[in-house]
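Colleague: Structure provided below as structure tokens; questions to follow.
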Amino acid sequence: FSLMENPAAWLYGVDDIRVEPYHQSDITLGPDEVKIRIGSVGICGSDVHYLKHMRIGDFVVNEPMIIGHESSGIISDVGSNVKNLKVGDRVAIEPGVPCRCCNLCKTGMYNLCEKMAFFATPPVHGSLSKFISHPADFCFRIPDTMTLDEAAMCEPVSVGIHACRRASVQAGMKVAILGAGPIGLVTMLVAKAFGASQVVVTDLSEQRLDIARKLEAGFCLNVTGLSSSEVSQQIIERLGNRKPDVTMDCCGFASSMKIALKVAASGGKVCLIGMGQAEMNLPIVSAAAREVDIFGVFRYRNTYQLAINLISSKKIDIKPLVTDKLSLVDGFCIEKIKEGFRKAETSKGSIKVMFGLLEEGEK
């Protein structure tokens with residue numbers, strides 16, 4: 001595999017990943033693009049879902065597609081118009097590129113652009129490749145105090161930032177996070193960085209809650225065997241007999257959303273971040289009668305620089321979230337790639353599986 005000029009991990013079918021060349025490296029750079037030597041790529045739940053089902057909602061993998069979208073790397077070439085980046089710069093890569101011309105883009109809500117080209121969302125190729133090219137304005141230089149793994153984590157951190165912005169999380173607020181997976185944990189970190197005074201994190205997995213404790217979550221609640229009423233009551237008790245100002249549902253199931261709506265303070269906010277179910281039967285009327293605002297959260301917008309600032313300044317520590325690191329320095333070994341996806345899918349102790357593509361000296 002090391003003899004390939006640009007090896008990449010291609011998704012061919014259910015549980016069918018192959019290492020094959022990605023000939024994009026032969027394409028001449030556009031004047032506003034940069035070529036990137038990929039350094040780190042994290043596995044997201046959506047990557048695993050595509051591997052197991054070849055689709056997410058209306059996005060169907062109809063032809064081989066390169067997987068991966070949480071990534072960082074080093075600039076190896078720049079287009080003729082690129083002035084803000086140079087060869088050798090280390091960058092975090094925002095994976096979604098909008099059309100820039102529609103009303104949503106013009107009004108700043110580019111994450112909702114109907115023509116969004118997002119890594120590893122069919123038919124757009126992802127970033128688990130030796131080299132890629134990408135628009136320069138969606139690549140963000142990182143300081144020397146950040147690692148490439150941390151830069152790749154700007155992607156999930158961005159989801160937490162967008163959620164906290166949507167819910168206007170601010171100093172003194174009480175926040176409940178339902179779900180201690182990668183998104184729940186980064187949302188917890190961001191909520192604290194935004195000034196939340198108390199945060200409760202719930203999950204079924206004691207291993208994930210242990211990581212939440214290491215990240216200094218205020219309170220952790222294992223909800224195994226508890227009814228929705230019991231979960232709600234215990235959240236309230238842990239918040240000093242106060243209902244949360246903001247509840248973040250990072251699971252996305254009817255059961256979790258019912259808890260989120262039930263426990264939310266009157267006049268409070270609920271963010272639906274997880275997307276576990278397409279349709280839900282929810283007690284909307286009782287929530288509306290208490291003026292509980294419900295916010296959808298889809299990816300993120302204008303978040304990467306803040307993510308870099310939060311991580312590089314140590315206001316949030318995402319290193320404990322990278323629980324598994326697999327090296328592809330010596331080549332794109334298909335067995336290592338499959339092992340990474342197995343860990344991401346089945347290991348209860350895995351939060352974020354990260355592939356490393358560069359030796360320490362190259363970073």
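Residues in the structure tokens are named by chain (A, B, ... in the order shown) and by number from 1 within that chain; ligands are numbered from 1 in the order shown.
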With only C-alpha atoms as the counted atoms, please give the residues lying no more than 8 Å from Ala193 (chain A), apart from itself and same-chain residues fewer than 5 positions off, as a list in words.
Modeller: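 Residues near the query, excluding close chain neighbours: Leu310, Lys315 and Ile316 of chain A.
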Colleague: Could you name the residues that touch Lys314 (chain A) at 12 Å or less, counting only C-alpha atoms, but leaving out those on the same chain fewer than 3 positions away, as number ranges by chain?
Modeller: A: 145-146, 150, 189-190, 193, 307-311, 317-319
Colleague: Per DSSP on the backbone, what are the strand (DSSP E or B) residues of region 90-252 of chain A, as a PyMOL selection string?
Modeller: chain A and resi 90-93+96-97+117-118+129+131-135+139-141+174-178+198-203+219-222+246-249
Colleague: Have a look at CA of Asn111 (chain A) and CA of Pro123 (chain A) and let me know their distance in Å, one decimal.
Modeller: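 These two atoms are separated by 17.3 Å.
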Colleague: Set the distance at 12 Å and use only C-alpha atoms: which residues neighbour Ala289 (chain A) once local chain neighbours fewer than 2 positions away are removed? I'd like the list as a PyMOL selection string.
Modeller: chain A and resi 261-262+265-268+283-287+291-293
Colleague: Residues of region 187-336 of chain A in alpha helix (DSSP H) according to DSSP, as a PyMOL selection string?
Modeller: chain A and resi 187-193+206-214+228-238+254-263+284-289+304-312+334-336
Colleague: Between A:Asp32, A:Glu155, A:Glu114, A:Asp324, which has the minimum distance to Arg342 (chain A) (counting only C-alpha atoms)?
Modeller: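 Using only C-alpha atoms, the shortest distance to Arg342 (chain A) belongs to A:Asp324.
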Colleague: So which one's closest to Leu215 (chain A), A:Ile273, A:Ile236, A:Glu63, A:Ala180? Using only C-alpha atoms, please.
Modeller: A:Ala180
Colleague: As JSON, numbers by chain, please: the residues near region 95-102 of chain A (cut-off 6 Å, only C-alpha atoms, same-chain neighbours under 6 positions excluded).
Modeller: {"A": [69, 113, 115, 116, 117, 118, 119]}
Colleague: May I have the residues from that selection written out with N, CA, C and O atoms, as a CSV table (one decimal), in the first residue's frame?
Modeller:
```csv
chain,number,residue,atom,x,y,z
A,69,HIS,N,-14.4,12.3,7.9
A,69,HIS,CA,-14.6,13.8,7.8
A,69,HIS,C,-14.1,14.6,8.9
A,69,HIS,O,-14.0,15.8,8.9
A,113,CYS,N,-27.3,24.9,3.7
A,113,CYS,CA,-27.3,25.1,2.3
A,113,CYS,C,-27.6,23.7,1.6
A,113,CYS,O,-27.1,22.7,2.0
A,115,LYS,N,-27.0,22.8,-1.3
A,115,LYS,CA,-26.0,22.3,-2.1
A,115,LYS,C,-24.7,22.0,-1.4
A,115,LYS,O,-23.6,21.9,-2.0
A,116,MET,N,-24.8,21.8,-0.1
A,116,MET,CA,-23.6,21.6,0.7
A,116,MET,C,-22.8,20.4,0.2
A,116,MET,O,-23.4,19.3,0.0
A,117,ALA,N,-21.5,20.5,0.0
A,117,ALA,CA,-20.7,19.4,-0.3
A,117,ALA,C,-19.9,19.0,1.0
A,117,ALA,O,-19.0,19.8,1.4
A,118,PHE,N,-20.2,17.9,1.6
A,118,PHE,CA,-19.7,17.6,2.9
A,118,PHE,C,-18.9,16.3,2.8
A,118,PHE,O,-19.5,15.3,2.3
A,119,PHE,N,-17.7,16.3,3.4
A,119,PHE,CA,-16.9,15.1,3.3
A,119,PHE,C,-17.7,13.8,3.7
A,119,PHE,O,-18.4,13.8,4.7
```
Colleague: Quick one, how far is CA of Val246 (chain A) from CA of Ala196 (chain A)?
Modeller: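 Here the two named atoms are 9.6 Å from each other.
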Colleague: If we count only C-alpha atoms and set the cut-off at 10 Å, which residues sit around Leu209 (chain A), ignoring sequence neighbours fewer than 3 positions away in its own chain? Please answer as a ChimeraX atom specification.
Modeller: /A:179-181,185,201-206,212-215,217,219-222
Colleague: Considering only C-alpha atoms, can you say which of A:Lys352, A:Lys83, A:Lys174, A:Lys192 comes closest to Ala264 (chain A)?
Modeller: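 Of all the options, A:Lys174 lies closest to Ala264 (chain A).
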Colleague: Compare A:Gly195, A:Gly225, A:Ile211, A:Phe295 by their minimum atom-to-atom distance to Thr323 (chain A), counting only C-alpha atoms, and give me the closest one.
Modeller: A:Ile211
Colleague: Can you tell me how far CA of Pro122 (chain A) sits from CA of His53 (chain A), in Å to one decimal?
Modeller: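 Going from CA of Pro122 (chain A) over to CA of His53 (chain A), I get 13.0 Å.
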Colleague: Near Asp77 (chain A), counting only C-alpha atoms, which residues have an atom at most 10 Å away, once you skip same-chain residues fewer than 2 positions from it, shown as a list in words?
Modeller: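 Result of the neighbour search: Leu29, Glu33, Val34, Lys35, Ile36, Arg37, Ile74, Ile75, Gly79, Ser80, Val82, Leu85, Lys86, Val87, Gly88 and Ser133 of chain A.
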Colleague: Neighbouring residues of Thr187 (chain A) were defined as those with any atom within 10 Å, considering only C-alpha atoms; residues of the same chain fewer than 5 positions away were excluded. Please report them as a PyMOL selection string.
Modeller: chain A and resi 156-164+177+180-182+192-193+248+250+273
Colleague: Can you work out which one of A:Arg242, A:Lys336, A:Lys258, A:Lys106 has the shortest atom-to-atom distance to Gln198 (chain A), counting only C-alpha atoms?
Modeller: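 Going through A:Arg242, A:Lys336, A:Lys258, A:Lys106 one by one, the smallest distance to Gln198 (chain A) is for A:Arg242.
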Colleague: Which of these, A:His125, A:Gly73, A:Asp89, A:Lys269, has the shortest distance to Ser168 (chain A) once you count only C-alpha atoms?
Modeller: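 Smallest separation from Ser168 (chain A) among the options: A:Lys269.
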